[in-house]
$ cat structure-v1.cif   # mmCIF, C-alpha atoms (C1' of nucleotides)
data_upload
loop_
_atom_site.label_atom_id
_atom_site.label_comp_id
_atom_site.auth_asym_id
_atom_site.auth_seq_id
_atom_site.Cartn_x
_atom_site.Cartn_y
_atom_site.Cartn_z
CA MET X 1 -14.99 -36.35 70.14
CA ALA X 2 -17.88 -37.58 72.18
CA LYS X 3 -17.71 -35.93 75.59
CA LYS X 4 -14.12 -36.62 76.41
CA GLU X 5 -13.27 -39.68 74.36
CA MET X 6 -13.42 -42.03 77.30
CA GLY X 7 -10.67 -41.93 79.88
CA SER X 8 -11.38 -45.60 80.31
CA THR X 9 -8.70 -46.15 82.93
CA SER X 10 -10.49 -44.40 85.76
CA MET X 11 -13.76 -46.13 84.87
CA LEU X 12 -12.09 -49.52 85.11
CA VAL X 13 -10.45 -48.67 88.41
CA LEU X 14 -13.74 -47.48 89.90
CA ALA X 15 -15.46 -50.62 88.63
CA LEU X 16 -12.95 -52.86 90.37
CA LEU X 17 -13.06 -50.91 93.61
CA LYS X 18 -16.83 -51.09 93.66
CA GLU X 19 -16.49 -54.80 94.37
CA LYS X 20 -13.97 -54.52 97.15
CA GLU X 21 -11.20 -52.26 98.37
CA MET X 22 -7.84 -52.86 96.76
CA TYR X 23 -4.32 -51.47 96.79
CA GLY X 24 -2.57 -50.22 93.66
CA TYR X 25 -0.45 -53.19 92.82
CA GLN X 26 -3.45 -55.45 93.29
CA ILE X 27 -5.53 -53.37 90.87
CA ILE X 28 -2.91 -53.90 88.18
CA GLU X 29 -2.95 -57.65 88.78
CA GLU X 30 -6.73 -57.88 88.80
CA LEU X 31 -7.07 -55.89 85.58
CA ASP X 32 -4.56 -58.16 83.91
CA ARG X 33 -6.23 -61.30 85.15
CA ARG X 34 -9.85 -60.37 84.47
CA SER X 35 -9.13 -58.96 81.02
CA GLU X 36 -7.12 -62.04 80.15
CA HIS X 37 -3.95 -59.97 79.73
CA VAL X 38 -5.48 -57.27 77.55
CA PHE X 39 -5.08 -54.57 80.19
CA GLN X 40 -1.52 -54.45 81.38
CA MET X 41 -1.65 -51.15 83.13
CA LYS X 42 1.65 -49.56 83.97
CA GLU X 43 2.45 -48.30 87.44
CA GLY X 44 3.35 -44.96 85.93
CA THR X 45 -0.22 -44.80 84.66
CA LEU X 46 -2.07 -46.13 87.67
CA TYR X 47 -0.56 -44.30 90.61
CA PRO X 48 -1.15 -40.81 89.22
CA VAL X 49 -4.71 -41.85 88.32
CA LEU X 50 -5.30 -43.05 91.88
CA HIS X 51 -3.97 -39.78 93.27
CA GLY X 52 -6.28 -37.85 90.98
CA LEU X 53 -9.33 -39.90 91.92
CA GLU X 54 -8.50 -39.45 95.59
CA LYS X 55 -8.10 -35.70 95.18
CA ASP X 56 -11.52 -35.58 93.49
CA ARG X 57 -12.97 -37.63 96.39
CA LEU X 58 -14.09 -40.46 94.11
CA ILE X 59 -12.04 -42.90 96.14
CA ALA X 60 -10.68 -42.83 99.69
CA ALA X 61 -7.47 -44.35 101.01
CA ARG X 62 -6.63 -46.24 104.13
CA GLU X 63 -3.14 -47.41 105.04
CA ALA X 64 -2.60 -50.90 106.27
CA GLU X 65 0.45 -52.82 107.30
CA THR X 66 1.09 -56.43 106.36
CA VAL X 67 2.48 -58.90 108.88
CA LYS X 68 5.97 -58.12 107.74
CA GLY X 69 5.80 -54.38 108.07
CA ARG X 70 5.11 -53.55 104.44
CA VAL X 71 2.70 -50.62 104.04
CA ARG X 72 -0.13 -50.73 101.55
CA ARG X 73 -2.62 -48.06 100.56
CA TYR X 74 -6.07 -49.58 100.22
CA TYR X 75 -8.59 -47.64 98.18
CA ALA X 76 -12.39 -47.77 98.38
CA VAL X 77 -14.99 -46.02 96.20
CA THR X 78 -16.95 -43.18 97.75
CA GLU X 79 -20.63 -42.37 97.12
CA LYS X 80 -19.53 -39.71 94.69
CA GLY X 81 -17.31 -42.25 92.98
CA LEU X 82 -20.24 -44.61 92.51
CA ARG X 83 -22.27 -41.88 90.85
CA VAL X 84 -19.40 -41.02 88.52
CA LEU X 85 -18.95 -44.69 87.71
CA GLU X 86 -22.59 -44.95 86.63
CA GLU X 87 -22.17 -41.94 84.35
CA LYS X 88 -19.04 -43.36 82.83
CA LYS X 89 -20.69 -46.70 82.22
CA LYS X 90 -23.51 -44.98 80.36
CA GLU X 91 -21.01 -43.03 78.29
CA TRP X 92 -19.11 -46.19 77.54
CA ASN X 93 -22.27 -47.95 76.34
CA THR X 94 -23.19 -45.02 74.12
CA PHE X 95 -19.68 -44.82 72.75
CA SER X 96 -19.23 -48.51 72.04
CA LYS X 97 -22.63 -48.82 70.42
CA ALA X 98 -21.80 -45.91 68.14
CA VAL X 99 -18.51 -47.50 67.15
CA THR X 100 -20.25 -50.78 66.44
CA ALA X 101 -22.76 -48.94 64.26
CA ILE X 102 -20.01 -47.38 62.16
CA LEU X 103 -18.01 -50.60 61.88
CA ALA X 104 -21.09 -52.55 60.84
CA GLY X 105 -20.86 -50.99 57.38
CA ALA X 106 -17.24 -52.04 56.99
CA MET L 1 -2.63 -49.58 78.20
CA ALA L 2 -3.53 -52.14 75.63
CA LYS L 3 -1.48 -51.34 72.53
CA LYS L 4 -2.21 -47.67 72.20
CA GLU L 5 -5.53 -47.25 73.97
CA MET L 6 -7.39 -47.16 70.70
CA GLY L 7 -6.92 -44.18 68.42
CA SER L 8 -10.49 -44.81 67.42
CA THR L 9 -10.72 -41.81 65.14
CA SER L 10 -8.59 -43.21 62.35
CA MET L 11 -10.37 -46.56 62.58
CA LEU L 12 -13.73 -44.87 62.12
CA VAL L 13 -12.47 -42.81 59.20
CA LEU L 14 -11.05 -45.86 57.47
CA ALA L 15 -14.30 -47.73 58.06
CA LEU L 16 -16.33 -45.00 56.39
CA LEU L 17 -13.98 -44.67 53.46
CA LYS L 18 -14.08 -48.39 52.87
CA GLU L 19 -17.68 -47.95 51.75
CA LYS L 20 -17.06 -45.08 49.40
CA GLU L 21 -14.71 -42.19 48.87
CA MET L 22 -15.57 -39.06 50.82
CA TYR L 23 -14.24 -35.59 51.46
CA GLY L 24 -13.44 -34.26 54.91
CA TYR L 25 -16.54 -32.29 55.62
CA GLN L 26 -18.66 -35.20 54.47
CA ILE L 27 -16.88 -37.58 56.84
CA ILE L 28 -17.79 -35.35 59.77
CA GLU L 29 -21.44 -35.30 58.68
CA GLU L 30 -21.59 -39.05 58.12
CA LEU L 31 -20.04 -39.82 61.50
CA ASP L 32 -22.56 -37.55 63.17
CA ARG L 33 -25.47 -39.04 61.30
CA ARG L 34 -24.59 -42.72 61.62
CA SER L 35 -23.65 -42.47 65.29
CA GLU L 36 -26.87 -40.58 66.01
CA HIS L 37 -24.92 -37.50 67.12
CA VAL L 38 -22.51 -39.31 69.40
CA PHE L 39 -19.48 -38.56 67.23
CA GLN L 40 -19.26 -34.87 66.55
CA MET L 41 -15.75 -34.78 65.26
CA LYS L 42 -14.09 -31.41 65.10
CA GLU L 43 -12.44 -30.15 61.96
CA GLY L 44 -9.34 -29.47 64.01
CA THR L 45 -9.27 -33.19 64.80
CA LEU L 46 -10.17 -34.61 61.41
CA TYR L 47 -7.99 -32.72 58.98
CA PRO L 48 -4.71 -33.50 60.72
CA VAL L 49 -5.81 -37.14 60.97
CA LEU L 50 -6.53 -37.24 57.22
CA HIS L 51 -3.12 -35.74 56.47
CA GLY L 52 -1.47 -38.33 58.67
CA LEU L 53 -3.35 -41.23 57.06
CA GLU L 54 -2.42 -39.92 53.63
CA LYS L 55 1.23 -39.58 54.58
CA ASP L 56 1.18 -43.20 55.78
CA ARG L 57 -0.46 -44.24 52.48
CA LEU L 58 -3.53 -45.64 54.19
CA ILE L 59 -5.72 -43.33 52.16
CA ALA L 60 -5.20 -41.51 48.87
CA ALA L 61 -6.58 -38.16 47.81
CA ARG L 62 -8.06 -36.90 44.59
CA GLU L 63 -9.15 -33.33 44.01
CA ALA L 64 -12.48 -32.62 42.42
CA GLU L 65 -14.30 -29.47 41.52
CA THR L 66 -17.99 -28.97 42.05
CA VAL L 67 -20.13 -27.29 39.41
CA LYS L 68 -19.59 -23.97 41.11
CA GLY L 69 -15.83 -24.08 41.27
CA ARG L 70 -15.48 -25.26 44.86
CA VAL L 71 -12.59 -27.68 45.31
CA ARG L 72 -12.96 -30.80 47.41
CA ARG L 73 -10.39 -33.39 48.38
CA TYR L 74 -11.89 -36.86 48.08
CA TYR L 75 -10.19 -39.64 49.99
CA ALA L 76 -10.24 -43.37 49.28
CA VAL L 77 -8.75 -46.25 51.29
CA THR L 78 -5.71 -47.99 49.88
CA GLU L 79 -4.94 -51.70 50.11
CA LYS L 80 -2.63 -50.96 53.01
CA GLY L 81 -5.41 -48.98 54.64
CA LEU L 82 -7.77 -51.93 54.40
CA ARG L 83 -5.26 -54.18 56.12
CA VAL L 84 -4.73 -51.66 58.90
CA LEU L 85 -8.49 -51.33 59.28
CA GLU L 86 -8.81 -55.07 59.82
CA GLU L 87 -6.15 -54.96 62.50
CA LYS L 88 -7.80 -52.05 64.24
CA LYS L 89 -11.16 -53.78 64.19
CA LYS L 90 -9.64 -56.82 65.87
CA GLU L 91 -8.01 -54.61 68.49
CA TRP L 92 -11.30 -52.84 69.07
CA ASN L 93 -13.12 -56.11 69.60
CA THR L 94 -10.49 -57.32 72.05
CA PHE L 95 -10.54 -54.03 73.88
CA SER L 96 -14.30 -53.68 74.15
CA LYS L 97 -14.74 -57.28 75.26
CA ALA L 98 -12.19 -56.74 78.01
CA VAL L 99 -13.95 -53.59 79.18
CA THR L 100 -17.26 -55.43 79.22
CA ALA L 101 -15.70 -58.20 81.28
CA ILE L 102 -14.47 -55.75 83.91
CA LEU L 103 -17.73 -53.80 84.00
CA ALA L 104 -19.74 -56.99 84.37
CA GLY L 105 -18.68 -57.22 88.00
CA ALA L 106 -19.82 -53.66 88.71
"C1'" DT W 1 24.82 -62.58 97.08
"C1'" DG W 2 22.23 -61.55 93.39
"C1'" DA W 3 17.96 -61.89 90.99
"C1'" DC W 4 13.19 -61.27 91.07
"C1'" DA W 5 8.63 -59.98 92.99
"C1'" DT W 6 6.19 -56.73 95.75
"C1'" DA W 7 4.74 -51.94 96.58
"C1'" DC W 8 4.95 -47.31 96.46
"C1'" DA W 9 6.22 -42.92 93.79
"C1'" DT W 10 7.57 -39.02 90.26
"C1'" DA W 11 9.64 -36.65 86.03
"C1'" DG W 12 9.64 -36.15 81.26
"C1'" DG W 13 7.92 -37.20 76.90
"C1'" DA W 14 4.76 -39.03 73.26
"C1'" DC W 15 0.45 -38.81 71.26
"C1'" DA W 16 -4.58 -37.81 70.54
"C1'" DT W 17 -7.82 -34.54 70.69
"C1'" DC W 18 -9.76 -29.98 71.49
"C1'" DT W 19 -10.09 -24.86 71.29
"C1'" DA W 20 -9.69 -21.22 68.67
"C1'" DG W 21 -8.50 -19.08 65.16
"C1'" DG W 22 -7.87 -18.16 59.69
"C1'" DT W 23 -9.22 -18.29 54.43
"C1'" DA W 24 -12.65 -18.51 50.87
"C1'" DT W 25 -16.98 -19.43 48.29
"C1'" DA W 26 -22.18 -20.06 48.06
"C1'" DC W 27 -26.83 -19.46 49.68
"C1'" DT W 28 -30.56 -17.09 52.28
"C1'" DA W 29 -33.03 -13.65 54.57
"C1'" DT W 30 -33.37 -8.86 55.61
"C1'" DA Z 1 -26.71 -4.74 48.97
"C1'" DT Z 2 -25.35 -7.13 53.08
"C1'" DA Z 3 -25.19 -9.74 56.94
"C1'" DG Z 4 -25.48 -14.29 58.52
"C1'" DT Z 5 -25.09 -19.17 57.90
"C1'" DA Z 6 -23.38 -23.31 55.64
"C1'" DT Z 7 -19.80 -25.33 53.10
"C1'" DA Z 8 -14.90 -26.59 52.76
"C1'" DC Z 9 -10.35 -26.42 53.65
"C1'" DC Z 10 -6.40 -25.46 56.98
"C1'" DT Z 11 -2.95 -24.71 61.24
"C1'" DA Z 12 -1.05 -23.35 65.95
"C1'" DG Z 13 -1.18 -23.99 70.63
"C1'" DA Z 14 -3.12 -26.01 74.76
"C1'" DT Z 15 -4.71 -29.94 77.34
"C1'" DG Z 16 -5.12 -34.51 78.97
"C1'" DT Z 17 -4.00 -39.37 78.98
"C1'" DC Z 18 -0.80 -42.66 78.98
"C1'" DC Z 19 3.96 -44.51 78.65
"C1'" DT Z 20 9.02 -44.86 79.51
"C1'" DA Z 21 12.30 -44.60 82.64
"C1'" DT Z 22 13.81 -44.27 87.01
"C1'" DG Z 23 14.05 -44.29 92.09
"C1'" DT Z 24 13.19 -46.17 96.86
"C1'" DA Z 25 12.51 -50.03 99.92
"C1'" DT Z 26 11.32 -54.70 101.58
"C1'" DG Z 27 10.77 -59.87 101.04
"C1'" DT Z 28 11.86 -64.31 98.95
"C1'" DC Z 29 14.42 -67.79 96.68
"C1'" DA Z 30 18.37 -69.98 94.46
#
$ encode --input "structure-v1.cif" --output "structure tokens"
Amino acid sequence: MAKKEMGSTSMLVLALLKEKEMYGYQIIEELDRRSEHVFQMKEGTLYPVLHGLEKDRLIAAREAETVKGRVRRYYAVTEKGLRVLEEKKKEWNTFSKAVTAILAGA
Amino acid sequence: MAKKEMGSTSMLVLALLKEKEMYGYQIIEELDRRSEHVFQMKEGTLYPVLHGLEKDRLIAAREAETVKGRVRRYYAVTEKGLRVLEEKKKEWNTFSKAVTAILAGA
DNA sequence: TGACATACATAGGACATCTAGGTATACTAT
DNA sequence: ATAGTATACCTAGATGTCCTATGTATGTCA
């Protein structure tokens, strides 16, 4: 309706990864914690999103092993990802202000 | 991700109709105007939404003829529609606050 | 041993929205 | 007159986002 009606998931993921690199499961936990349980992202949502962002070179992966042999894929934002994040933040601000304007009358 | 990732379209339509009854084409114009051209809803989006809201009894239609014989379908919010609007507004506030919280770190 | 948390992944479906068309009347400029 | 634009409604089919459901595998705790 606006540009693409806000695929907010990827924006949120990029925002988290801007702070520090994280692995998938951790992203889900952080989103839940920081949003005070509003965002309970499903694994079936997140992992395909991560794969898409990686394919578009907005994030980059690195594999790391824990002490006990478990493998994790850590993701970090790329330069391109940071630029896209800035765009998405602007779009979000525009979008949410417009919604607020409409709701003000109701 | 939250409940249903905000079907914001129907919320906006209900919000407009709370003020006064409107016909489809008018809703598109009002959304464009009040959002300062952020929401340029397509007819292919709006009309199915209106039919869905009517089917769910959140809005009710009345047909009216203009002086020159053109027929318009005017929609008004029902009591049920007002209740749903209140819910959706609450969800929107929760959602947008959570997004803001995540973006604050970036 | 069985339940639960961690950590990754994919297939199939639901749902919202868009693109792209169609119908019909009224107004405006050529 | 007629072509183009605005008004006003509508639907079919495609796309994209997200969810449900499921699978694999390891670690921890009762």
$ closest_atom_pairs --input "structure-v1.cif" --of "chain X" --to "chain Z" --cutoff "12 Å" --atoms "all atoms listed in the file" --output "JSON lines"
{"residue": "X:Lys4", "atom": "CA", "partner": "Z:DG16", "partner_atom": "C1'", "distance": 9.6}
{"residue": "X:Glu5", "atom": "CA", "partner": "Z:DT17", "partner_atom": "C1'", "distance": 10.4}
{"residue": "X:Met6", "atom": "CA", "partner": "Z:DT17", "partner_atom": "C1'", "distance": 9.9}
{"residue": "X:Gly7", "atom": "CA", "partner": "Z:DT17", "partner_atom": "C1'", "distance": 7.2}
{"residue": "X:Ser8", "atom": "CA", "partner": "Z:DT17", "partner_atom": "C1'", "distance": 9.7}
{"residue": "X:Thr9", "atom": "CA", "partner": "Z:DT17", "partner_atom": "C1'", "distance": 9.1}
{"residue": "X:Ser10", "atom": "CA", "partner": "Z:DT17", "partner_atom": "C1'", "distance": 10.6}
{"residue": "X:Gln40", "atom": "CA", "partner": "Z:DC19", "partner_atom": "C1'", "distance": 11.7}
{"residue": "X:Met41", "atom": "CA", "partner": "Z:DC18", "partner_atom": "C1'", "distance": 9.5}
{"residue": "X:Lys42", "atom": "CA", "partner": "Z:DC19", "partner_atom": "C1'", "distance": 7.7}
{"residue": "X:Glu43", "atom": "CA", "partner": "Z:DC19", "partner_atom": "C1'", "distance": 9.7}
{"residue": "X:Gly44", "atom": "CA", "partner": "Z:DC19", "partner_atom": "C1'", "distance": 7.3}
{"residue": "X:Thr45", "atom": "CA", "partner": "Z:DC18", "partner_atom": "C1'", "distance": 6.1}
{"residue": "X:Leu46", "atom": "CA", "partner": "Z:DC18", "partner_atom": "C1'", "distance": 9.4}
{"residue": "X:Tyr47", "atom": "CA", "partner": "Z:DC18", "partner_atom": "C1'", "distance": 11.7}
{"residue": "X:Pro48", "atom": "CA", "partner": "Z:DC18", "partner_atom": "C1'", "distance": 10.4}
{"residue": "X:Val49", "atom": "CA", "partner": "Z:DT17", "partner_atom": "C1'", "distance": 9.7}
{"residue": "X:Thr66", "atom": "CA", "partner": "Z:DT26", "partner_atom": "C1'", "distance": 11.4}
{"residue": "X:Val67", "atom": "CA", "partner": "Z:DG27", "partner_atom": "C1'", "distance": 11.5}
{"residue": "X:Lys68", "atom": "CA", "partner": "Z:DG27", "partner_atom": "C1'", "distance": 8.4}
{"residue": "X:Gly69", "atom": "CA", "partner": "Z:DT26", "partner_atom": "C1'", "distance": 8.5}
{"residue": "X:Arg70", "atom": "CA", "partner": "Z:DT26", "partner_atom": "C1'", "distance": 6.9}
{"residue": "X:Val71", "atom": "CA", "partner": "Z:DT26", "partner_atom": "C1'", "distance": 9.8}
$ resolve_selection --input "structure-v1.cif" --expression "the PyMOL selection byres ((chain W) within 12 of (chain X))" --output "tab-separated table (two decimals) with C-alpha atoms (C1' of nucleotides), keeping the file's coordinate frame"
chain	number	residue	atom	x	y	z
W	5	DA	C1'	8.63	-59.98	92.99
W	6	DT	C1'	6.19	-56.73	95.75
W	7	DA	C1'	4.74	-51.94	96.58
W	8	DC	C1'	4.95	-47.31	96.46
W	9	DA	C1'	6.22	-42.92	93.79
W	10	DT	C1'	7.57	-39.02	90.26
W	11	DA	C1'	9.64	-36.65	86.03
W	12	DG	C1'	9.64	-36.15	81.26
W	16	DA	C1'	-4.58	-37.81	70.54
W	17	DT	C1'	-7.82	-34.54	70.69
W	18	DC	C1'	-9.76	-29.98	71.49
$ closest_residue --input "structure-v1.cif" --among "L:Ile27, L:Ala98, L:Val13, L:Met22" --to "chain X" --atoms "all atoms listed in the file"
L:Ala98
$ closest_atom_pairs --input "structure-v1.cif" --of "chain X" --to "chain L" --cutoff "9 Å" --atoms "all atoms listed in the file" --output "tab-separated table"
residue	atom	partner	partner_atom	distance
X:Met1	CA	L:Met41	CA	5.2
X:Ala2	CA	L:Phe39	CA	5.3
X:Lys3	CA	L:Val38	CA	8.5
X:Ser8	CA	L:Val99	CA	8.5
X:Thr9	CA	L:Met1	CA	8.4
X:Met11	CA	L:Leu103	CA	8.7
X:Leu12	CA	L:Ile102	CA	6.8
X:Leu14	CA	L:Ala106	CA	8.8
X:Ala15	CA	L:Ala106	CA	5.3
X:Leu16	CA	L:Ala106	CA	7.1
X:Leu17	CA	L:Ala106	CA	8.8
X:Lys18	CA	L:Ala106	CA	6.3
X:Glu19	CA	L:Ala106	CA	6.7
X:Leu31	CA	L:Ile102	CA	7.6
X:Arg34	CA	L:Ile102	CA	6.6
X:Ser35	CA	L:Ala98	CA	4.8
X:Glu36	CA	L:Ala98	CA	7.6
X:His37	CA	L:Ala2	CA	8.8
X:Val38	CA	L:Ala2	CA	5.8
X:Phe39	CA	L:Ala2	CA	5.4
X:Gln40	CA	L:Met1	CA	5.9
X:Met41	CA	L:Met1	CA	5.3
X:Lys42	CA	L:Met1	CA	7.2
X:Thr45	CA	L:Met1	CA	8.4
X:Lys89	CA	L:Leu103	CA	7.9
X:Thr94	CA	L:Val38	CA	7.4
X:Phe95	CA	L:Val38	CA	7.0
X:Ser96	CA	L:Ser96	CA	7.4
X:Lys97	CA	L:Ser35	CA	8.2
X:Ala98	CA	L:Ser35	CA	4.8
X:Val99	CA	L:Leu12	CA	7.4
X:Ala101	CA	L:Ser35	CA	6.6
X:Ile102	CA	L:Arg34	CA	6.6
X:Leu103	CA	L:Ala15	CA	6.0
X:Ala104	CA	L:Ala15	CA	8.8
X:Gly105	CA	L:Glu19	CA	7.1
X:Ala106	CA	L:Ala15	CA	5.3
$ atom_distance --input "structure-v1.cif" --atom1 "CA of Glu65 (chain X)" --atom2 "CA of Thr78 (chain X)"
22.1 Å
$ atom_distance --input "structure-v1.cif" --atom1 "CA of Glu54 (chain L)" --atom2 "CA of Lys20 (chain L)"
16.1 Å
$ atom_distance --input "structure-v1.cif" --atom1 "CA of Lys88 (chain L)" --atom2 "CA of Tyr74 (chain L)"
22.6 Å
